[in-house]
Structures are given as structure tokens and as C-alpha cells.
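Below is one structure, written out as C-alpha cells, with a few remarks after it.
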There are 2 protein chains.
Amino acid sequence: MDLRVHKTFEALFLLEDIREIFRQSTPKGLTKAEKERFSQLITGLKKIIDEMETGKGTPASSKIVGSIDLRTREEECINIHPIQRGGRLTPEARKAVIAYGDGYSTCDFCRKPFRLDKITRPGILDFHEELAQFVGMDQARVVPGARRGFQAAVSAVAEKGDTVIVSALAHYTEFLAAEQADAIVKEVPLSPRNLITSDATAQKIEEVSRETGKLPALIMIDHFDYQYANEHDVLGIAKVAKQYGIPFLYNGAYSVGIRPVNGKEIGADFVVGSGHKSMASVAPSGVLATTNEWAPKVFRTTRMVGDITKRKFGIKEVEMMGCTLMGATLLSMMASFPAVKERTQHWDEELQKTNYFLDQFQRVHGSTVLSEYPRKNTLTKVDTTGSFDTVAKTHKRRGFFFSDELAGRGIVGEFAGATRTWKLNTYGLTWDQIRYLAESFVAIGEKYNIPVTG
Amino acid sequence: MDLRVHKTFEALFLLEDIREIFRQSTPKGLTKAEKERFSQLITGLKKIIDEMETGKGTPASSKIVGSIDLRTREEECINIHPIQRGGRLTPEARKAVIAYGDGYSTCDFCRKPFRLDKITRPGILDFHEELAQFVGMDQARVVPGARRGFQAAVSAVAEKGDTVIVSALAHYTEFLAAEQADAIVKEVPLSPRNLITSDATAQKIEEVSRETGKLPALIMIDHFDYQYANEHDVLGIAKVAKQYGIPFLYNGAYSVGIRPVNGKEIGADFVVGSGHKSMASVAPSGVLATTNEWAPKVFRTTRMVGDITKRKFGIKEVEMMGCTLMGATLLSMMASFPAVKERTQHWDEELQKTNYFLDQFQRVHGSTVLSEYPRKNTLTKVDTTGSFDTVAKTHKRRGFFFSDELAGRGIVGEFAGATRTWKLNTYGLTWDQIRYLAESFVAIGEKYNIPVTG
């Protein structure tokens with residue numbers, strides 16, 4: 001492990017110990033014992049900073065507590081994990097999380113009408129308006145993960161036994177959302193090129209209507225699916241949905257927060273995004289946005305009245321279960337938001353980097369791209385059956401030889417041991433990191449005498 | 001603001017900027033430009049540490065980003081906010097959150113069968129077993145807040161139109177959980193001493209059965225309610241529930257994580273706790289635990305099959321929506337867990353501190369305790385209509401005079417401007433802090449010539 005990285009964590013942790021002195025103190029100031037402890041810790045901190053500077057020293061234990069080790073893969077490695085790249089925290093989010101980690105940290109200035117999205121200090125109210133605008137919708141709420149956005153929307157629009165149409169590449173959480181609401185799921189089949197088309201969607205609607213005598217209650221399609229991250233025709237599908245008068249949920253788990261998304265231009269009735277997948281936020285977090293037309297349904301407020309007490313519960317929203325992300329999860333979203341808005345403007349360059357990498361990746365004979373190509377997303381399914389898997393067949397470490405080779409080069413996040421079809425993501429890598437990554441794949445190919453072109 | 005507190009945050013933030021250099025670098029090591037930036041930041045860090053040591057210097061901006069200010073009330077003040085005390089992070093949790101803030105940080109070593117609670121690195125699997133044991137139940141899952149535990153349980157056991165019995169002091173999220181599942185809520189009335197008794201519960205069951213011709217689907221009672229934090233007879237109520245064959249959900253939002261709770265000894269079928277309220281964890285987090293009898297229902301796995309693809313989704317649980325807390329929220333629970341287990345053993349002393357404080361508090365003539373007394377919880381509803389409110393009546397700042405006086409003494413978390421009935425919580429305050437708090441209330445009384453007894 002890089003000593004300076006290790007020492008950076010040690011210094012952060014030691015500062016948390018210093019912080020704890022203040023948290024245990026009274027407003028009268030530190031006691032003698034507290035002052036002594038403060039001095040001791042400052043001495044320790046200075047030593048760590050010396051070690052950071054000179055690069056000399058011994059790392060302390062890498063255990064934080066119990067089974068929890070330091071996690072340094074983002075600092076020491078290039079992480080190409082398919083679902084982790086867009087959820088890495090910005091420095092701003094990390095700072096906000098340090099300051100707002102405590103449970104109900106958002107609730108210091110909660111006043112009437114007592115709802116998270118109405119709080120103005122910090123500016124949670126404004127953030128909600130900006131968030132709606134960011135995805136081109138009228139209203140937005142934060143939710144504990146995109147899946148909880150699906151759940152709310154399905155529950156609001158589908159009755160027991162209703163049909164929800166999803167993609168043949170739909171994420172499992174869309175199925176669960178329907179199952180939790182006692183709805184039925186029907187898949188739109190893929191084109192030979194692994195795409196969901198508006199024609200196929202219309203056919204499925206017709207089929208469901210014929211079979212059940214009722215139109216589907218919802219169409220829920222991923223702009224980019226989790227398998228290939230191919231771009232599906234959400235614009236055309238939204239048009240079809242509109243023609244049939246069926247609400248359309250745009251699943252932006254792999255788009256909201258990394259590329260521009262405008263729900264109304266697409267024709268979406270609901271837009272769902274994931275905070276921890278694509279908005280540089282702490283899990284579980286996400287966004288559910290909708291139009292003024294659908295808001296009264298999905299954001300309906302409670303009608304409950306206590307039979308004895310006659311209590312009512314104000315403007316708490318049923319599908320949201322009241323307040324949602326009351327602390328560091330929300331603050332991480334808010335703190336990352338300026339950087340997230342900015343980064344969606346550089347999507348073209350992200351695609352350039354991905355396509356550059358994949359060009360190099362395919363120089364190793366037998367390595368191919370299973371996703372549509374050139375890429376329109378930074379998540380990609382690749383096939384190395386014809387390259388690295390030929391080595392794995394006879395290697396004593398089997399497929400793990402490949403993980404070993406990557407790890408030896410400081411690359412992590414591949415599916416350990418997989419050398420046939422697997423997924424990677426390059427989102428947010430710098431050009432230097434991209435080039436390093438590309439060179440590493442070529443070098444592994446060369447090392448094992450796999451032909452490398454050009 | 002205390003300069004050293006401010007500088008502690010500045011140092012933490014600067015270390016995050018240093019950390020970011022490594023996150024943007026390649027495994028080849030830092031470039032010349034990166035090294036220069038590193039040196040500059042180290043120089044800045046040394047300056048901050050000098051300022052921490054000497055106590056001399058100028059604080060930097062207290063803005064983190066946008067509308068997000070530093071939050072220093074836990075470091076600079078004594079915070080008596082009714083819902084915040086038990087959710088304050090331990091130092092271990094703060095360190096874990098620093099290391100595991102990134103979105104899907106728990107998923108580095110996710111292997112078959114691909115479910116959060118099966119991950120062994122970090123030890124999430126073991127944690128789930130320990131968590132079940134901690135609340136005296138067979139199985140446990142982490143959930144995004146206690147409310148999501150209620151939602152899962154109600155949805156699993158209640159059909160549309162079924163009745164759920166709650167307390168006349170039930171939290172609004174219990175109502176929402178029922179409403180979201182299309183169930184009906186009926187309240188058990190309070191005794192004259194603001195307690196829910198087993199007799200009143202039995203009567204309500206009879207009443208519901210008579211009126212609807214059907215037994216209630218669930219009884220959901222708060223061990224300590226959110227209003228008075230009075231202790232309700234969960235043991236007796238569990239017995240009644242068992243007699244009628246109705247499942248009983250023990251709401252431990254104000255007990256699990258701060259005092260011992262044994263669900264099976266109580267006779268609970270479900271135990272729900274709150275991470276951000278009482279388990280020193282990042283929001284939204286919580287626990288839903290159950291018996292082996294009820295687990296197959298509330299933790300049932302998906303039965304969905306793709307009609308086109310014939311896909312199945314393994315052991316993903318419907319009511320959990322698959323994985324739940326995939327990052328820092330869970331890691332904060334896990335990192336705090338050893339300290340949380342330990343602290344529940346010192347509940348008696350927490351009550352001693354609360355009762356000591358309230359004895360002193362009541363020395364100010366006209367200040368009374370509305371909750372049962374002596375206290376069996378650290379959350380208390382008090383009434384200062386006869387004391388501080390008499391001052392507010394003629395003060396130009398009205399009730400805010402009281403907030404001003406508290407703030408001037410470094411005490412925060414009261415409901416700003418309230419001088420009649422309001423709530424406070426002393427959980428986890430040191431004896432020094434308790435004494436300081438007590439002295440402050442007495443001093444404010446004296447300052448405004450309110451009679452103070454012995």
C-alpha cells in the first residue's frame with residue numbers, strides 16, 4: 001500500500017479523534033485532561049504529516065474497527081467496476097459527509113410544515129427545485145435509491161393485477177417494484193442488435209391489451225440498460241406510450257448525473273435516477289421526478305386520521321413514507337450537485353475516452369465489444385473469450401491469472417476470475433488513467449503472447 | 001466559532017483535497033504537477049495544525065459548497081434535540097464513512113448469490129447475524145430507516161382493507177406504512193397516565209373484530225413513544241397479541257441501540273429499530289428483525305420470471321427491494337455497532353443523568369415534566385409555561401429570548417421559540433455536560449427572577 005495514501009487516512013482518522021474531544025467537552029472549554037489529550041493527538045498528527053512529506057514511516061493498522069478495513073482502491077488503483085464509477089464521491093461530497101455524518105443532521109432547522117424537502121437551511125428546498133430542473137421535470141424528490149423511485153411510481157399507478165411493461169434487459173429492481181405492488185411484468189423483446197424499439201413496445205402493448213383486456217398501467221424503460229448499456233429509443237417509446245395514454249417511466253440509473261437528461265423533451269412522465277450509481281452520492285440515494293400532472297398521484301399526501309385522536313399528518317407523502325434522506329446521503333447529493341451538473345456537459349469527452357480505450361482493448365486479438373459500438377455509454381460489456389480466456393484455460397490460477405495481472409498493474413473492479421464476458425466502466429477516468437488502462441490491457445496480451453494488432 | 005474546531009474541519013477538508021490527488025493519479029505514481037500540488041497542500045496543512053496548536057489564526061470560509069455551511073453544533077454546543085442524540089456518529093463510524101463514502105463501496109467483493117447481507121468482506125454477513133442476536137431475534141435486515149421496516153412488515157402481513165392496530169401515540173410513519181399498503185389504522189386509546197395498556201389493546205382488538213368481522217392483521221406498538229417517550233407495556237401487549245394470534249411489531253425507534261432489547265423475551269414477531277435515531281448511524285438506516293416463523297413472509301424472495309427472457313432473480317427479497325444500504329449508511333451502522341452494543345449496557349446511568357437533570361430543571365419554579373417521572377427514557381416532554389413562558393409573554397423577542405439564552409450558553413436543539421411544551425433529550429451527554437446543562441437552566445431562571453428552589 002502507498003504509504004502516503006495510508007498516512008492520509010491516518011491523519012483524517014486522527015483528526016476525527018481530535019474532533020471527538022470537542023464533542024465530549026462542555027461550552028466552558030476543554031478540561032486539563034482534554035487539553036492534554038488534544039496536545040498528544042496534535043503531536044501524533046505532526047508526525048504523520050512528516051511521514052506524508054518524507055514518504056518514510058510505518059503504516060498503522062489498516063483496520064478501522066472490527067472487520068472493516070481501509071478502502072483505498074480509489075486512491076491506489078484504477079477502478080473499472082461496472083457500477084461504481086459514477087457514484088464515487090466528489091471532494092465536496094466527502095467534506096459534506098464529514099460535517100453532516102450524524103444521523104438527523106439535516107433536521108437542525110426543520111420548521112413547519114415539517115418535511116425534508118421544505119427545509120431551507122441548508123438549502124434543501126432550493127436543491128429540490130434545481131434537481132427537478134436538472135432532469136427537465138416539474139417536481140422532484142430524493143429517494144433511498146432508484147429502486148425506491150420505481151416502487152413509488154408503480155405503487156401509485158398500478159392496481160393489483162395490472163401489467164407493467166419493462167425491457168427484456170430491465171434491472172431486477174423493476175421486477176421487484178412491480179411484485180411488491182402485486183402487479184405483473186411483461187417484457188418488450190430485444191431487436192437482433194440488443195435494442196428496445198418503439199415498434200416492439202407498441203406490439204407488446206397490443207399483446208397485453210388483447211390478453212388482459214386492459215392497457216398496461218405503466219411503461220418503464222431504461223435509457224441505458226445495465227447489461228450492455230446500449231441506448232434504447234426512449235424518445236420513440238415515450239411517443240408510443242403517449243399514443244396509448246400510458247404513463248412512461250424513464251429509468252436514468254445510467255444517465256442522470258453523468259449525461260444530460262431532459263425528461264419533458266423525452267416525453268417522460270417519471271424520471272428516476274440513482275445517487276450512488278451516477279450522482280456521486282452516498283448510498284442509498286436517488287431521485288424520482290415527475291410532471292405537475294402526475295405529482296398529485298405519486299406525491300399524494302396522507303389522508304389518514306387517527307380514529308381516537310383525530311390526528312392528521314399534514315403534508316407527509318404516502319409513497320415517500322414522509323421524509324426520505326435525512327442526513328449525509330442527501331448532503332452528499334447536494335454537495336456533489338454543482339460538479340455533477342458540470343460533468344454532464346462533458347459527456348462527449350467521456351465517450352471519446354471510452355471509445356479510445358476500447359479501440360486499444362480490441363487490439364488484443366480475440367477481445368471484442370458486445371455492447372453497441374462505438375459506445376454511447378461508458379459502461380460496456382466485453383468478451384475476452386478469444387483472448388485472455390485462452391490463457392485461463394491452461395493457467396494454474398485459471399481466470400484469476402487475469403485478475404492477478406490487472407491487480408499487479410493497479411487495476412481493480414473487473415469481475416474476479418471472469419475471462420469470458422464481463423463488464424467495465426471508464427466513467428470519469430482522466431486521459432492519463434485511460435491511456436494507462438489501455439497500455440495495461442495490451443501489455444497483458446503481449447505478456448501471454450496473444451497477437452496484438454497495430 | 002471556536003477556532004480550533006474550525007481549524008479541525010479545515011484540516012479534515014484539506015486532507016480530502018490531498019486524497020483527491022491520489023484519486024486522480026495513475027498507478028505509475030504522481031506526476032510532477034501532482035507532486036507540486038501535494039507539497040502545497042502539505043504546507044497549508046502544517047499551517048492549519050500550527051493554528052490548532054497555538055489557537056491563533058483566521059478561520060477560512062465556513063461554506064463547504066453552495067448553501068452548505070459547516071455544522072459544528074456537536075463540537076461547539078450541547079445539543080439536546082429530541083431526535084438527534086442517539087444518532088450522533090461514533091468516531092469509528094465517522095472514520096468508516098470517510099473510507100466508505102463512495103456510492104457502492106460495499107460491493108467490491110460482492111459474489112454469488114449477489115445480495116448485500118451475504119457479503120463477507122467487509123463482514124456484512126456476520127454483522128447481520130450479530131444484529132439479529134442483538135435484538136434477540138432470528139433474522140435481521142438493514143433497511144433505509146425504521147419507516148421502511150414498518151412498510152415491509154405491513155405490506156407482508158396486511159391485505160387491502162385489513163386493520164393495523166397502533167398506539168394513540170403512534171409515529172406518523174406507522175400510519176403511512178399502513179396507508180401505503182391500503183390498510184386501515186385503528187388506535188389504542190391512552191390511559192389517564194398516557195400509557196398504552198394490554199387491556200386497552202385487547203379491547204381494541206375486540207372492537208375491530210366486531211366492526212370488521214375480522215381480526216386485525218398486525219399490532220404495531222412503540223416501546224417508547226415519540227411524544228412523551230413513556231414506556232408502554234410491550235410485554236403485556238405481546239401476550240395479548242399472541243392470545244389472538246395476531247403478529248406483533250415492536251417499534252424500537254427509541255430503544256434499539258440505546259438500551260437492551262430482546263424481541264423474543266418480549267414476545268415480538270417483528271422488531272424495528274432506527275439507525276439514524278438510536279444506532280449512531282448515517283440516515284437513512286435501520287433494522288427490521290423477525291423470527292424464523294415470519295421471515296419466509298417478510299423476507300420472501302422474488303417469484304418473478306421474465307415472460308420473454310425467462311429470467312429469474314435469485315434470492316432477492318421483494319419487501320427489501322433487493323439490496324438496501326449499499327455503502328456508508330451500512331458501514332456507519334457496522335462501525336458503530338461495538339460501541340452501540342456496549343452503550344446499551346449503561347442505560348441505567350443514562351436514566352440517572354436524565355433524572356438528575358430533570359430534578360435540577362424543575363427547581364426553576366413552574367418548570368414541569370409531562371412525561372412519566374422518574375424517567376425511563378432520555379427523551380422527555382417538558383412544560384415551561386409556568387416558568388420561561390411567563391418571561392416570553394413580555395419579552396420583545398417573545399419565546400426566542402429563551403433560545404437566545406440557551407444559545408448564549410452553547411446549548412442548542414430546543415424547538416426555537418417554544419417556551420410552553422417542548423421536548424429534549426440528554427442521551428449520551430457526559431456528567432460534566434449534564435451538570436453544565438442543569439446549571440444553565442437554573443441560571444436562566446435566576447436571570448429572569450423566576451423563583452428557584454433549593
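FYI, nothing fancy with the C-alpha cells labels: chains A, B, ... in order, residues from 1 per chain, ligands from 1 as they appear.
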**Report entry** Spatial neighbours of range 37-51 of chain B, 8 Å, only C-alpha atoms, chain gap at least 6 places, as a ChimeraX atom specification
**Finding:** /A:42,46,49,53 /B:4,7,10-11,14-15,17-18,21,57
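Running DSSP on the backbone gives strand (DSSP E or B) for these residues within range 272-371 of chain A: Val272, Gly273, Ser274, Gly286, Val287, Leu288, Ala289, Thr290, Thr301, Glu317, Val364, Thr368 and Val369 of chain A.
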Query raised in the report: In Å to one decimal, how far is CA of Val142 in chain B from CA of Glu130 in chain B?
Result: 12.0 Å
Report task. Fewer than 3 positions away in the same chain doesn't count, so skip those; otherwise give me all residues within 9 Å of Ala283 in chain B, counting only C-alpha atoms, as a PyMOL selection string. Result -> (chain A and resi 101-105+324-330) or (chain B and resi 87+144-145+274-277+286+329)
Just N, CA and C atoms for this one: save the residues we selected as a PDB file, in the first residue's frame.
ATOM      1  N   GLY A 101     -22.326  13.843   8.927  1.00  0.00           N
ATOM      2  CA  GLY A 101     -22.492  12.397   9.091  1.00  0.00           C
ATOM      3  C   GLY A 101     -23.552  12.015  10.116  1.00  0.00           C
ATOM      4  N   ASP A 102     -23.670  12.793  11.173  1.00  0.00           N
ATOM      5  CA  ASP A 102     -24.595  12.444  12.260  1.00  0.00           C
ATOM      6  C   ASP A 102     -26.018  12.227  11.744  1.00  0.00           C
ATOM      7  N   GLY A 103     -26.653  11.179  12.284  1.00  0.00           N
ATOM      8  CA  GLY A 103     -27.989  10.736  11.867  1.00  0.00           C
ATOM      9  C   GLY A 103     -28.899  11.798  11.266  1.00  0.00           C
ATOM     10  N   TYR A 104     -29.573  12.548  12.133  1.00  0.00           N
ATOM     11  CA  TYR A 104     -30.557  13.534  11.669  1.00  0.00           C
ATOM     12  C   TYR A 104     -29.927  14.905  11.462  1.00  0.00           C
ATOM     13  N   SER A 105     -28.783  14.953  10.778  1.00  0.00           N
ATOM     14  CA  SER A 105     -28.042  16.214  10.685  1.00  0.00           C
ATOM     15  C   SER A 105     -28.754  17.276   9.860  1.00  0.00           C
ATOM     16  N   THR A 324     -37.232  11.346   3.605  1.00  0.00           N
ATOM     17  CA  THR A 324     -36.527  10.238   2.949  1.00  0.00           C
ATOM     18  C   THR A 324     -35.049  10.153   3.359  1.00  0.00           C
ATOM     19  N   LEU A 325     -34.263  11.103   2.869  1.00  0.00           N
ATOM     20  CA  LEU A 325     -32.810  11.058   3.127  1.00  0.00           C
ATOM     21  C   LEU A 325     -32.458  12.165   4.111  1.00  0.00           C
ATOM     22  N   MET A 326     -32.487  11.853   5.400  1.00  0.00           N
ATOM     23  CA  MET A 326     -32.410  12.918   6.415  1.00  0.00           C
ATOM     24  C   MET A 326     -30.997  13.296   6.841  1.00  0.00           C
ATOM     25  N   GLY A 327     -30.003  12.898   6.149  1.00  0.00           N
ATOM     26  CA  GLY A 327     -28.669  13.234   6.636  1.00  0.00           C
ATOM     27  C   GLY A 327     -27.627  13.245   5.542  1.00  0.00           C
ATOM     28  N   ALA A 328     -26.562  12.511   5.772  1.00  0.00           N
ATOM     29  CA  ALA A 328     -25.380  12.577   4.910  1.00  0.00           C
ATOM     30  C   ALA A 328     -25.662  12.118   3.484  1.00  0.00           C
ATOM     31  N   THR A 329     -26.638  11.224   3.307  1.00  0.00           N
ATOM     32  CA  THR A 329     -26.954  10.800   1.944  1.00  0.00           C
ATOM     33  C   THR A 329     -27.397  12.007   1.114  1.00  0.00           C
ATOM     34  N   LEU A 330     -28.353  12.758   1.640  1.00  0.00           N
ATOM     35  CA  LEU A 330     -28.839  13.944   0.933  1.00  0.00           C
ATOM     36  C   LEU A 330     -27.736  14.990   0.801  1.00  0.00           C
TER      37      LEU A 330
ATOM     38  N   GLY B  87     -28.377   9.274  17.371  1.00  0.00           N
ATOM     39  CA  GLY B  87     -27.903   9.062  16.008  1.00  0.00           C
ATOM     40  C   GLY B  87     -26.576   9.721  15.715  1.00  0.00           C
ATOM     41  N   PRO B 144     -33.624   1.215   4.907  1.00  0.00           N
ATOM     42  CA  PRO B 144     -33.407   2.671   4.884  1.00  0.00           C
ATOM     43  C   PRO B 144     -34.351   3.413   5.834  1.00  0.00           C
ATOM     44  N   GLY B 145     -34.135   3.221   7.121  1.00  0.00           N
ATOM     45  CA  GLY B 145     -34.957   3.878   8.126  1.00  0.00           C
ATOM     46  C   GLY B 145     -35.986   2.931   8.707  1.00  0.00           C
ATOM     47  N   SER B 274     -34.143   2.122  14.554  1.00  0.00           N
ATOM     48  CA  SER B 274     -33.711   3.198  13.666  1.00  0.00           C
ATOM     49  C   SER B 274     -32.223   3.441  13.805  1.00  0.00           C
ATOM     50  N   GLY B 275     -31.505   3.366  12.696  1.00  0.00           N
ATOM     51  CA  GLY B 275     -30.067   3.613  12.719  1.00  0.00           C
ATOM     52  C   GLY B 275     -29.732   5.054  13.022  1.00  0.00           C
ATOM     53  N   HIS B 276     -30.405   5.973  12.340  1.00  0.00           N
ATOM     54  CA  HIS B 276     -30.066   7.396  12.487  1.00  0.00           C
ATOM     55  C   HIS B 276     -30.710   7.999  13.734  1.00  0.00           C
ATOM     56  N   LYS B 277     -31.647   7.285  14.341  1.00  0.00           N
ATOM     57  CA  LYS B 277     -32.233   7.804  15.574  1.00  0.00           C
ATOM     58  C   LYS B 277     -31.526   7.248  16.807  1.00  0.00           C
ATOM     59  N   GLY B 286     -31.688   1.610   9.367  1.00  0.00           N
ATOM     60  CA  GLY B 286     -32.494   1.000  10.404  1.00  0.00           C
ATOM     61  C   GLY B 286     -32.393  -0.504  10.308  1.00  0.00           C
ATOM     62  N   THR B 329     -23.980   4.221   4.716  1.00  0.00           N
ATOM     63  CA  THR B 329     -25.021   4.063   5.731  1.00  0.00           C
ATOM     64  C   THR B 329     -24.796   2.757   6.504  1.00  0.00           C
TER      65      THR B 329
END
Query raised in the report: Can you list, as a PyMOL selection string, every protein, DNA or RNA residue that comes within 8 Å of range 360-362 of chain B when you count only C-alpha atoms, leaving out same-chain residues fewer than 3 positions away?
Result: chain B and resi 356-357+365-369+438-439+441-442
Please, could you write that set of residues out with N, CA and C atoms as a JSON list (two decimals), in the first residue's frame?
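Writing the result to selection_13.json gives the following:
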[["chain", "number", "residue", "atom", "x", "y", "z"],
["B", 356, "TYR", "N", -31.35, 13.25, 37.01],
["B", 356, "TYR", "CA", -30.61, 14.30, 37.72],
["B", 356, "TYR", "C", -30.89, 15.65, 37.05],
["B", 357, "PHE", "N", -30.75, 15.67, 35.74],
["B", 357, "PHE", "CA", -31.00, 16.93, 35.03],
["B", 357, "PHE", "C", -32.42, 17.44, 35.27],
["B", 365, "HIS", "N", -39.06, 27.33, 39.29],
["B", 365, "HIS", "CA", -40.48, 27.26, 39.61],
["B", 365, "HIS", "C", -41.36, 27.39, 38.35],
["B", 366, "GLY", "N", -42.25, 26.43, 38.20],
["B", 366, "GLY", "CA", -43.13, 26.47, 37.03],
["B", 366, "GLY", "C", -42.67, 25.58, 35.89],
["B", 367, "SER", "N", -41.48, 25.03, 36.01],
["B", 367, "SER", "CA", -41.00, 24.08, 35.01],
["B", 367, "SER", "C", -41.40, 22.67, 35.44],
["B", 368, "THR", "N", -42.11, 21.96, 34.58],
["B", 368, "THR", "CA", -42.57, 20.62, 34.96],
["B", 368, "THR", "C", -42.26, 19.61, 33.86],
["B", 369, "VAL", "N", -42.39, 18.35, 34.24],
["B", 369, "VAL", "CA", -42.15, 17.25, 33.32],
["B", 369, "VAL", "C", -43.49, 16.63, 32.95],
["B", 438, "ALA", "N", -27.75, 21.56, 33.43],
["B", 438, "ALA", "CA", -28.62, 21.83, 34.58],
["B", 438, "ALA", "C", -28.35, 23.24, 35.12],
["B", 439, "GLU", "N", -27.08, 23.56, 35.29],
["B", 439, "GLU", "CA", -26.71, 24.89, 35.80],
["B", 439, "GLU", "C", -27.23, 25.99, 34.87],
["B", 441, "PHE", "N", -29.92, 26.00, 32.91],
["B", 441, "PHE", "CA", -31.37, 26.22, 33.06],
["B", 441, "PHE", "C", -31.66, 27.00, 34.33],
["B", 442, "VAL", "N", -30.98, 26.62, 35.40],
["B", 442, "VAL", "CA", -31.16, 27.33, 36.67],
["B", 442, "VAL", "C", -30.72, 28.79, 36.51]]
**Report entry** Using only C-alpha atoms: which of A:Ala217, A:Val282, A:Leu30, A:Leu169 has the shortest distance to chain B
**Finding:**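 When distances to chain B are compared using only C-alpha atoms, the smallest one comes from A:Val282.
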Report task. Would you work out the distance separating CA of Glu342 in chain B from CA of Val272 in chain B, expressed in Å to one decimal? Result -> 19.5 Å
Requested in this report: Pick out the residues sitting within 7 Å of range 386-403 of chain B, and hand them over as JSON, numbers by chain; count only C-alpha atoms, and ignore anything fewer than 2 positions along from it in its own chain.
Outcome: {"B": [364, 365, 366, 367, 384, 405, 406, 407, 416, 417, 418, 419, 420, 450]}
If you keep C-alpha atoms, can you produce a file of those selected residues as an mmCIF file, in the first residue's frame?
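What follows is the written file selection.cif:
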data_model
loop_
_atom_site.group_PDB
_atom_site.id
_atom_site.type_symbol
_atom_site.label_atom_id
_atom_site.label_comp_id
_atom_site.auth_asym_id
_atom_site.auth_seq_id
_atom_site.Cartn_x
_atom_site.Cartn_y
_atom_site.Cartn_z
ATOM 1 C CA VAL B 364 -36.995 26.605 38.347
ATOM 2 C CA HIS B 365 -40.480 27.260 39.608
ATOM 3 C CA GLY B 366 -43.133 26.466 37.033
ATOM 4 C CA SER B 367 -41.000 24.077 35.006
ATOM 5 C CA THR B 384 -42.174 25.603 30.887
ATOM 6 C CA GLU B 405 -30.289 32.445 26.358
ATOM 7 C CA LEU B 406 -29.617 28.789 25.623
ATOM 8 C CA ALA B 407 -27.551 29.590 22.542
ATOM 9 C CA ALA B 416 -36.629 27.522 18.600
ATOM 10 C CA GLY B 417 -39.102 29.950 20.128
ATOM 11 C CA ALA B 418 -41.037 27.339 22.102
ATOM 12 C CA THR B 419 -41.492 28.121 25.784
ATOM 13 C CA ARG B 420 -44.554 26.088 26.633
ATOM 14 C CA ILE B 450 -38.120 33.134 38.334
#
Query raised in the report: Can you list every residue in range 258-447 of chain B that DSSP puts in helix (DSSP H, G or I), as a ChimeraX atom specification?
Result: /B:263-266,275-278,295-298,328-361,388-392,400-408,431-447
For Ile219 in chain A, find every residue with an atom within 7 Å (counting only C-alpha atoms), except residues of its own chain fewer than 2 positions away, and show them as a short mmCIF file (atom, residue, chain, number, x, y, z; two decimals) with N, CA and C atoms, in the first residue's frame.
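Writing done, so here's selection.cif:
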data_model
loop_
_atom_site.label_atom_id
_atom_site.label_comp_id
_atom_site.auth_asym_id
_atom_site.auth_seq_id
_atom_site.Cartn_x
_atom_site.Cartn_y
_atom_site.Cartn_z
N VAL A 164 -47.23 -4.05 -15.91
CA VAL A 164 -46.17 -3.06 -16.11
C VAL A 164 -45.26 -3.59 -17.20
N ILE A 165 -45.03 -2.76 -18.20
CA ILE A 165 -44.16 -3.19 -19.30
C ILE A 165 -42.73 -2.71 -19.04
N VAL A 166 -41.80 -3.66 -19.14
CA VAL A 166 -40.38 -3.32 -18.97
C VAL A 166 -39.59 -3.89 -20.14
N ILE A 221 -38.85 1.96 -18.93
CA ILE A 221 -37.74 1.53 -19.80
C ILE A 221 -36.45 2.23 -19.40
N ILE A 246 -50.56 5.78 -21.79
CA ILE A 246 -49.95 5.04 -20.67
C ILE A 246 -48.79 5.87 -20.12
N PRO A 247 -48.68 6.02 -18.79
CA PRO A 247 -47.54 6.79 -18.27
C PRO A 247 -46.21 6.08 -18.55
N PHE A 248 -45.19 6.89 -18.77
CA PHE A 248 -43.87 6.35 -19.12
C PHE A 248 -42.84 6.75 -18.07
N LEU A 249 -42.20 5.74 -17.50
CA LEU A 249 -41.13 5.99 -16.54
C LEU A 249 -39.78 5.80 -17.23
#
